[in-house]
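What follows is a short report on a single structure.
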Amino acid sequence: MLFIDNQGIHDPAINLAIEEYALRHLPMEESYLLFYINRPSIIIGKHQNTIEEINQEYCKNNNVQVVRRLSGGGAVYHDLGNLNFSFITKDDGQSFHNFLKFTQPVIDALHQMGVNAEMTGRNDLQVGEQKISGNAQFSTRGRMFSHGTLMFNLNLDDVQASLRVNPEKFKSKSTKSVRSRVANISDLMEVTMTIEEFRSELLRSIFDMDPIDVPQYHLTDKDWEKIHEISKEHYQNWEWNYGNSPESNVKHTKKFPAGIIDLRMNISEGRIHDIKIYGDFFGVGDVADIENTLRDKRYEEAEVRETLEKFEIQHYFGNIELDDFIGLVFLEG
C-alpha cells in the first residue's frame, strides 16, 4: 500500500477529486491510503437531496462549502478538526459493505492511543454511546474506496447548526440531537496532541513504521492537471452538488404585515420545477407573473434574487420587501 500526500490542501472540491482520480486512474495493482483535512464544509451523500440536508442560511453566513461525494450515506460536517481517511483498492467482490476490513487498522491505531473505539451498526465507529467516525464506500470498474471521518477536534456546535437532520434518525435512539450523539477523539485521549500529530500516529500504526519512511505515491504535474479537471467537472459544479438532488415538495408559510403568504414549490434536480403562491395578502399585480418567472430557475438565493429584482414586489403582495419574500422562499425549519 502507498500513501498519497495531498500537500496540505483543505479544499474539499480538490480533495474529493484526488480521491476520485486515484480510484479511476492510478495503477490498479496497488492499493492507496489518502488522508485529507477540509475547511468548513458539508459533504453530501451521492443520493441525498442537498436542499433538505443543509441549513442554507447558516452555510451561507458562515462560508460553509457544500460538496457532493461519490459514495452514498448521510451528510457530514467537516472542518479543520476533522481528519478524513480513504483506502483505495481493488474490489474483490467481497470487500464492498465490509466496513470492518477497512476500519480495523484505524481501530487498532486508536486503541494504541488509548481510545477504546469499536465498529457499531452499519458503518460507524463509536466509543461507548458516542460516535467518532462515519464511513461510506464506492465501487466502479473493479476498484473501490472505503472512506471515513475521524472527529478529532471538530466544532460540534457547527455540526448541529449546519445540518438539518431528519428526526427519523433519532426515533430508536435515546439521544435527541447530533450534538449529544457525537464526541471528539481529542477529548477521549490521555495525551494532548495536534491533529497533525494524530495523523502521524495513524500512519505509524497502519504502516508499522516511522511516518517519514512510509512508502508514497507522489502525484505528478500530469496527475494534478487531471485532478483539477475532475474538481471543476464535479465538485465545483453546481449541477453536481445541488442539481442531482431528487425531487421534493416544499411548503413555506409566513405571516407578514401584508398578510399570510403561502408558497408551494416542487424542487426537481435543484430547480424550481413548479411554484404556486397562495395567501390572504392584497396585491395589485397577478402573482402568476412571479410564479412564471421563477419556474425552472435554480433553487439558490443568488439566482432567485437576480430574477426577482426586475419586479416591484409590493405591487404583487402589498407591504413586503424583496428580502422578506426571498427569505420566505428559503425559509428554514
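Residue names in the C-alpha cells use chain letters A, B, ... in the order shown, residue numbers from 1 in each chain, and ligand numbers from 1 in the order shown.
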
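DSSP, applied to the backbone of this structure, assigns alpha helix (DSSP H) to the following residues of range 200-263 of chain A: Ser200, Glu201, Leu202, Leu203, Arg204, Ser205, Ile206, Phe207, Asp221, Lys222, Asp223, Trp224, Glu225, Lys226, Ile227, His228, Glu229, Ile230 and Trp238 of chain A.
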
Dump N, CA, C and O atoms for the selected residues as an mmCIF file, in the first residue's frame?
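See again29.cif below for the written result:
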```cif
data_model
loop_
_atom_site.group_PDB
_atom_site.id
_atom_site.type_symbol
_atom_site.label_atom_id
_atom_site.label_comp_id
_atom_site.auth_asym_id
_atom_site.auth_seq_id
_atom_site.Cartn_x
_atom_site.Cartn_y
_atom_site.Cartn_z
ATOM 1 N N SER A 200 0.053 11.580 12.080
ATOM 2 C CA SER A 200 1.333 10.863 12.056
ATOM 3 C C SER A 200 1.251 9.555 12.837
ATOM 4 O O SER A 200 1.811 8.532 12.414
ATOM 5 N N GLU A 201 0.554 9.578 13.972
ATOM 6 C CA GLU A 201 0.417 8.356 14.773
ATOM 7 C C GLU A 201 -0.403 7.300 14.040
ATOM 8 O O GLU A 201 -0.133 6.100 14.144
ATOM 9 N N LEU A 202 -1.395 7.734 13.291
ATOM 10 C CA LEU A 202 -2.166 6.796 12.475
ATOM 11 C C LEU A 202 -1.286 6.161 11.407
ATOM 12 O O LEU A 202 -1.336 4.944 11.176
ATOM 13 N N LEU A 203 -0.492 6.983 10.742
ATOM 14 C CA LEU A 203 0.427 6.456 9.726
ATOM 15 C C LEU A 203 1.405 5.457 10.341
ATOM 16 O O LEU A 203 1.668 4.392 9.771
ATOM 17 N N ARG A 204 1.934 5.806 11.493
ATOM 18 C CA ARG A 204 2.891 4.940 12.172
ATOM 19 C C ARG A 204 2.267 3.557 12.454
ATOM 20 O O ARG A 204 2.883 2.519 12.240
ATOM 21 N N SER A 205 1.028 3.577 12.911
ATOM 22 C CA SER A 205 0.367 2.327 13.263
ATOM 23 C C SER A 205 -0.039 1.527 12.023
ATOM 24 O O SER A 205 0.198 0.316 11.946
ATOM 25 N N ILE A 206 -0.639 2.187 11.046
ATOM 26 C CA ILE A 206 -1.150 1.476 9.863
ATOM 27 C C ILE A 206 -0.019 0.862 9.054
ATOM 28 O O ILE A 206 -0.122 -0.277 8.571
ATOM 29 N N PHE A 207 1.103 1.578 8.914
ATOM 30 C CA PHE A 207 2.220 1.069 8.111
ATOM 31 C C PHE A 207 3.282 0.376 8.962
ATOM 32 O O PHE A 207 4.226 -0.207 8.425
ATOM 33 N N ASP A 221 2.823 16.363 -12.007
ATOM 34 C CA ASP A 221 2.144 17.524 -12.589
ATOM 35 C C ASP A 221 0.983 17.081 -13.481
ATOM 36 O O ASP A 221 -0.079 17.719 -13.500
ATOM 37 N N LYS A 222 1.175 15.981 -14.196
ATOM 38 C CA LYS A 222 0.110 15.462 -15.054
ATOM 39 C C LYS A 222 -1.062 14.967 -14.213
ATOM 40 O O LYS A 222 -2.238 15.179 -14.569
ATOM 41 N N ASP A 223 -0.755 14.325 -13.084
ATOM 42 C CA ASP A 223 -1.814 13.904 -12.165
ATOM 43 C C ASP A 223 -2.611 15.104 -11.681
ATOM 44 O O ASP A 223 -3.851 15.085 -11.679
ATOM 45 N N TRP A 224 -1.905 16.144 -11.253
ATOM 46 C CA TRP A 224 -2.586 17.326 -10.722
ATOM 47 C C TRP A 224 -3.447 18.004 -11.787
ATOM 48 O O TRP A 224 -4.529 18.530 -11.480
ATOM 49 N N GLU A 225 -2.990 17.992 -13.018
ATOM 50 C CA GLU A 225 -3.777 18.592 -14.099
ATOM 51 C C GLU A 225 -5.131 17.883 -14.221
ATOM 52 O O GLU A 225 -6.179 18.527 -14.341
ATOM 53 N N LYS A 226 -5.090 16.560 -14.182
ATOM 54 C CA LYS A 226 -6.332 15.789 -14.288
ATOM 55 C C LYS A 226 -7.193 15.967 -13.036
ATOM 56 O O LYS A 226 -8.428 16.038 -13.125
ATOM 57 N N ILE A 227 -6.569 16.051 -11.873
ATOM 58 C CA ILE A 227 -7.311 16.262 -10.622
ATOM 59 C C ILE A 227 -8.102 17.561 -10.680
ATOM 60 O O ILE A 227 -9.276 17.618 -10.290
ATOM 61 N N HIS A 228 -7.475 18.607 -11.182
ATOM 62 C CA HIS A 228 -8.172 19.894 -11.269
ATOM 63 C C HIS A 228 -9.299 19.842 -12.304
ATOM 64 O O HIS A 228 -10.335 20.504 -12.129
ATOM 65 N N GLU A 229 -9.136 19.047 -13.342
ATOM 66 C CA GLU A 229 -10.217 18.864 -14.316
ATOM 67 C C GLU A 229 -11.416 18.180 -13.662
ATOM 68 O O GLU A 229 -12.566 18.583 -13.854
ATOM 69 N N ILE A 230 -11.147 17.128 -12.892
ATOM 70 C CA ILE A 230 -12.218 16.403 -12.202
ATOM 71 C C ILE A 230 -12.913 17.311 -11.197
ATOM 72 O O ILE A 230 -14.145 17.324 -11.081
ATOM 73 N N TRP A 238 -22.180 23.352 -9.690
ATOM 74 C CA TRP A 238 -23.465 23.475 -9.014
ATOM 75 C C TRP A 238 -24.397 22.332 -9.396
ATOM 76 O O TRP A 238 -25.128 21.809 -8.545
#
```

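Distances to Asp208 in chain A were evaluated for A:Ala183, A:Ala109, A:Leu34, A:Ile261 using only C-alpha atoms, and the minimum falls at A:Ala109.
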
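Counting only C-alpha atoms, the residue from A:Leu26, A:Glu52, A:Val127, A:Asp210 that sits nearest to Asn249 in chain A is A:Glu52.
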
- prompt: Residues at most 10 Å from Ile9 in chain A, counting only C-alpha atoms, excluding those fewer than 3 positions away in the same chain, as a list in words?
  reply: Asp5, Asn6, Pro12, Ala13, Ile14, Asn15, Tyr36, Ile37, Asn38 and Arg39 of chain A

Keeping only N, CA, C and O atoms, write the selected residues to a file as a PDB file, in the first residue's frame.
```pdb
ATOM      1  N   ASP A   5       0.120  11.826  -0.417  1.00  0.00           N
ATOM      2  CA  ASP A   5       0.182  13.089   0.316  1.00  0.00           C
ATOM      3  C   ASP A   5      -0.580  14.149  -0.476  1.00  0.00           C
ATOM      4  O   ASP A   5      -0.243  14.442  -1.627  1.00  0.00           O
ATOM      5  N   ASN A   6      -1.618  14.724   0.119  1.00  0.00           N
ATOM      6  CA  ASN A   6      -2.420  15.729  -0.594  1.00  0.00           C
ATOM      7  C   ASN A   6      -1.837  17.131  -0.492  1.00  0.00           C
ATOM      8  O   ASN A   6      -2.486  18.114  -0.877  1.00  0.00           O
ATOM      9  N   PRO A  12     -12.294  20.924  -0.100  1.00  0.00           N
ATOM     10  CA  PRO A  12     -12.943  19.629  -0.323  1.00  0.00           C
ATOM     11  C   PRO A  12     -13.167  19.309  -1.794  1.00  0.00           C
ATOM     12  O   PRO A  12     -13.182  18.136  -2.177  1.00  0.00           O
ATOM     13  N   ALA A  13     -13.325  20.338  -2.619  1.00  0.00           N
ATOM     14  CA  ALA A  13     -13.527  20.099  -4.045  1.00  0.00           C
ATOM     15  C   ALA A  13     -12.269  19.540  -4.709  1.00  0.00           C
ATOM     16  O   ALA A  13     -12.345  18.843  -5.723  1.00  0.00           O
ATOM     17  N   ILE A  14     -11.107  19.832  -4.139  1.00  0.00           N
ATOM     18  CA  ILE A  14      -9.852  19.256  -4.640  1.00  0.00           C
ATOM     19  C   ILE A  14      -9.604  17.903  -3.989  1.00  0.00           C
ATOM     20  O   ILE A  14      -9.225  16.927  -4.659  1.00  0.00           O
ATOM     21  N   ASN A  15      -9.818  17.800  -2.699  1.00  0.00           N
ATOM     22  CA  ASN A  15      -9.533  16.544  -2.009  1.00  0.00           C
ATOM     23  C   ASN A  15     -10.401  15.395  -2.513  1.00  0.00           C
ATOM     24  O   ASN A  15      -9.919  14.271  -2.679  1.00  0.00           O
ATOM     25  N   TYR A  36      -6.961  13.518   4.297  1.00  0.00           N
ATOM     26  CA  TYR A  36      -7.181  14.932   3.977  1.00  0.00           C
ATOM     27  C   TYR A  36      -8.015  15.588   5.064  1.00  0.00           C
ATOM     28  O   TYR A  36      -8.801  14.940   5.757  1.00  0.00           O
ATOM     29  N   ILE A  37      -7.787  16.883   5.224  1.00  0.00           N
ATOM     30  CA  ILE A  37      -8.498  17.710   6.200  1.00  0.00           C
ATOM     31  C   ILE A  37      -9.151  18.852   5.423  1.00  0.00           C
ATOM     32  O   ILE A  37      -8.458  19.597   4.719  1.00  0.00           O
ATOM     33  N   ASN A  38     -10.462  18.981   5.526  1.00  0.00           N
ATOM     34  CA  ASN A  38     -11.185  20.006   4.774  1.00  0.00           C
ATOM     35  C   ASN A  38     -11.508  21.215   5.637  1.00  0.00           C
ATOM     36  O   ASN A  38     -11.745  21.094   6.841  1.00  0.00           O
ATOM     37  N   ARG A  39     -11.534  22.377   4.996  1.00  0.00           N
ATOM     38  CA  ARG A  39     -12.045  23.563   5.675  1.00  0.00           C
ATOM     39  C   ARG A  39     -13.561  23.371   5.908  1.00  0.00           C
ATOM     40  O   ARG A  39     -14.145  22.404   5.408  1.00  0.00           O
TER      41      ARG A  39
END
```

task: Write out as an MDAnalysis selection string each polymer residue whose atoms come within 9 Å of range 251-260 of chain A, counting only C-alpha atoms; drop sequence neighbours fewer than 4 positions from it.
output: chainID A and resid 264:266 278:283 317:320 324 328:332

statement: As a check of understanding: the span from CA of His25 in chain A to CA of His234 in chain A is 16.0 Å

Distance criterion (only C-alpha atoms): nearest to Asn82 in chain A out of A:Glu196, A:Glu239, A:Glu53, A:Glu30: A:Glu196

field: Neighbour list for range 299-316 of chain A as JSON, numbers by chain, cut-off 8 Å, only C-alpha atoms, skip fewer than 6 positions in-chain
entry: {"A": [267, 270, 271, 272, 282, 283, 284, 285, 286, 287, 290, 293, 322, 326, 330]}

- request: Excluding Leu100 in chain A and residues on its chain fewer than 3 positions from it, collect all residues at most 8 Å away from it, counting only C-alpha atoms, and give them as a list in words.
  value: Thr103, Gln104 and Met119 of chain A

- prompt: Which value, in Å to one decimal, gives the distance between CA of Ile44 in chain A and CA of Gly73 in chain A?
  reply: 8.2 Å

query: Can you list every residue in range 66-301 of chain A that DSSP puts in strand (DSSP E), as a ChimeraX atom specification?
result: /A:66-68,76-78,82-90,118-120,124-127,130-140,143-151,216-217,248-256,259-268,271-279

Please report, as JSON lines, each residue of range 15-84 of chain A lying at most 8 Å from range 135-150 of chain A, together with the nearest pair of atoms and the separation in Å rounded to one decimal; use only C-alpha atoms, and order rows by chain and ascending residue number.
```
{"residue": "A:Leu23", "atom": "CA", "partner": "A:Arg143", "partner_atom": "CA", "distance": 6.5}
{"residue": "A:Arg24", "atom": "CA", "partner": "A:Arg143", "partner_atom": "CA", "distance": 7.5}
{"residue": "A:Met28", "atom": "CA", "partner": "A:Arg143", "partner_atom": "CA", "distance": 7.7}
{"residue": "A:Leu70", "atom": "CA", "partner": "A:Phe138", "partner_atom": "CA", "distance": 6.6}
{"residue": "A:Ser71", "atom": "CA", "partner": "A:Phe138", "partner_atom": "CA", "distance": 4.9}
{"residue": "A:Gly72", "atom": "CA", "partner": "A:Ala136", "partner_atom": "CA", "distance": 6.4}
{"residue": "A:Gly73", "atom": "CA", "partner": "A:Ala136", "partner_atom": "CA", "distance": 6.2}
{"residue": "A:Asn82", "atom": "CA", "partner": "A:Leu150", "partner_atom": "CA", "distance": 5.7}
{"residue": "A:Leu83", "atom": "CA", "partner": "A:Leu150", "partner_atom": "CA", "distance": 5.1}
{"residue": "A:Asn84", "atom": "CA", "partner": "A:Thr149", "partner_atom": "CA", "distance": 4.5}
```

Could you turn the residues from that selection into a file that holds N, CA, C and O atoms, as a compact mmCIF listing (two decimals), in the first residue's frame?
```txt
# COMPACT_ATOMS: atom_id res chain seq x y z
N LEU A 23 -8.81 6.58 -7.62
CA LEU A 23 -9.69 5.44 -7.86
C LEU A 23 -9.73 5.04 -9.32
O LEU A 23 -9.66 3.85 -9.66
N ARG A 24 -9.81 6.02 -10.19
CA ARG A 24 -10.06 5.74 -11.61
C ARG A 24 -8.79 5.64 -12.45
O ARG A 24 -8.81 5.00 -13.51
N MET A 28 -3.74 -0.13 -11.04
CA MET A 28 -4.68 -0.97 -10.32
C MET A 28 -4.00 -2.04 -9.45
O MET A 28 -4.62 -2.60 -8.55
N LEU A 70 -19.00 10.94 -4.14
CA LEU A 70 -19.39 9.80 -4.96
C LEU A 70 -20.13 8.74 -4.16
O LEU A 70 -21.00 8.04 -4.70
N SER A 71 -19.79 8.58 -2.91
CA SER A 71 -20.34 7.50 -2.10
C SER A 71 -21.71 7.86 -1.54
O SER A 71 -22.07 9.04 -1.43
N GLY A 72 -22.47 6.84 -1.17
CA GLY A 72 -23.76 7.05 -0.55
C GLY A 72 -23.62 7.40 0.92
O GLY A 72 -22.56 7.80 1.38
N GLY A 73 -24.71 7.21 1.67
CA GLY A 73 -24.68 7.55 3.08
C GLY A 73 -25.17 8.95 3.35
O GLY A 73 -25.71 9.62 2.46
N ASN A 82 -11.27 17.84 11.69
CA ASN A 82 -11.75 16.53 11.23
C ASN A 82 -10.74 15.93 10.26
O ASN A 82 -10.40 16.54 9.25
N LEU A 83 -10.26 14.73 10.57
CA LEU A 83 -9.32 14.03 9.70
C LEU A 83 -10.07 12.97 8.91
O LEU A 83 -10.76 12.12 9.49
N ASN A 84 -9.93 12.99 7.59
CA ASN A 84 -10.60 12.03 6.72
C ASN A 84 -9.58 11.04 6.16
O ASN A 84 -8.47 11.42 5.80
```
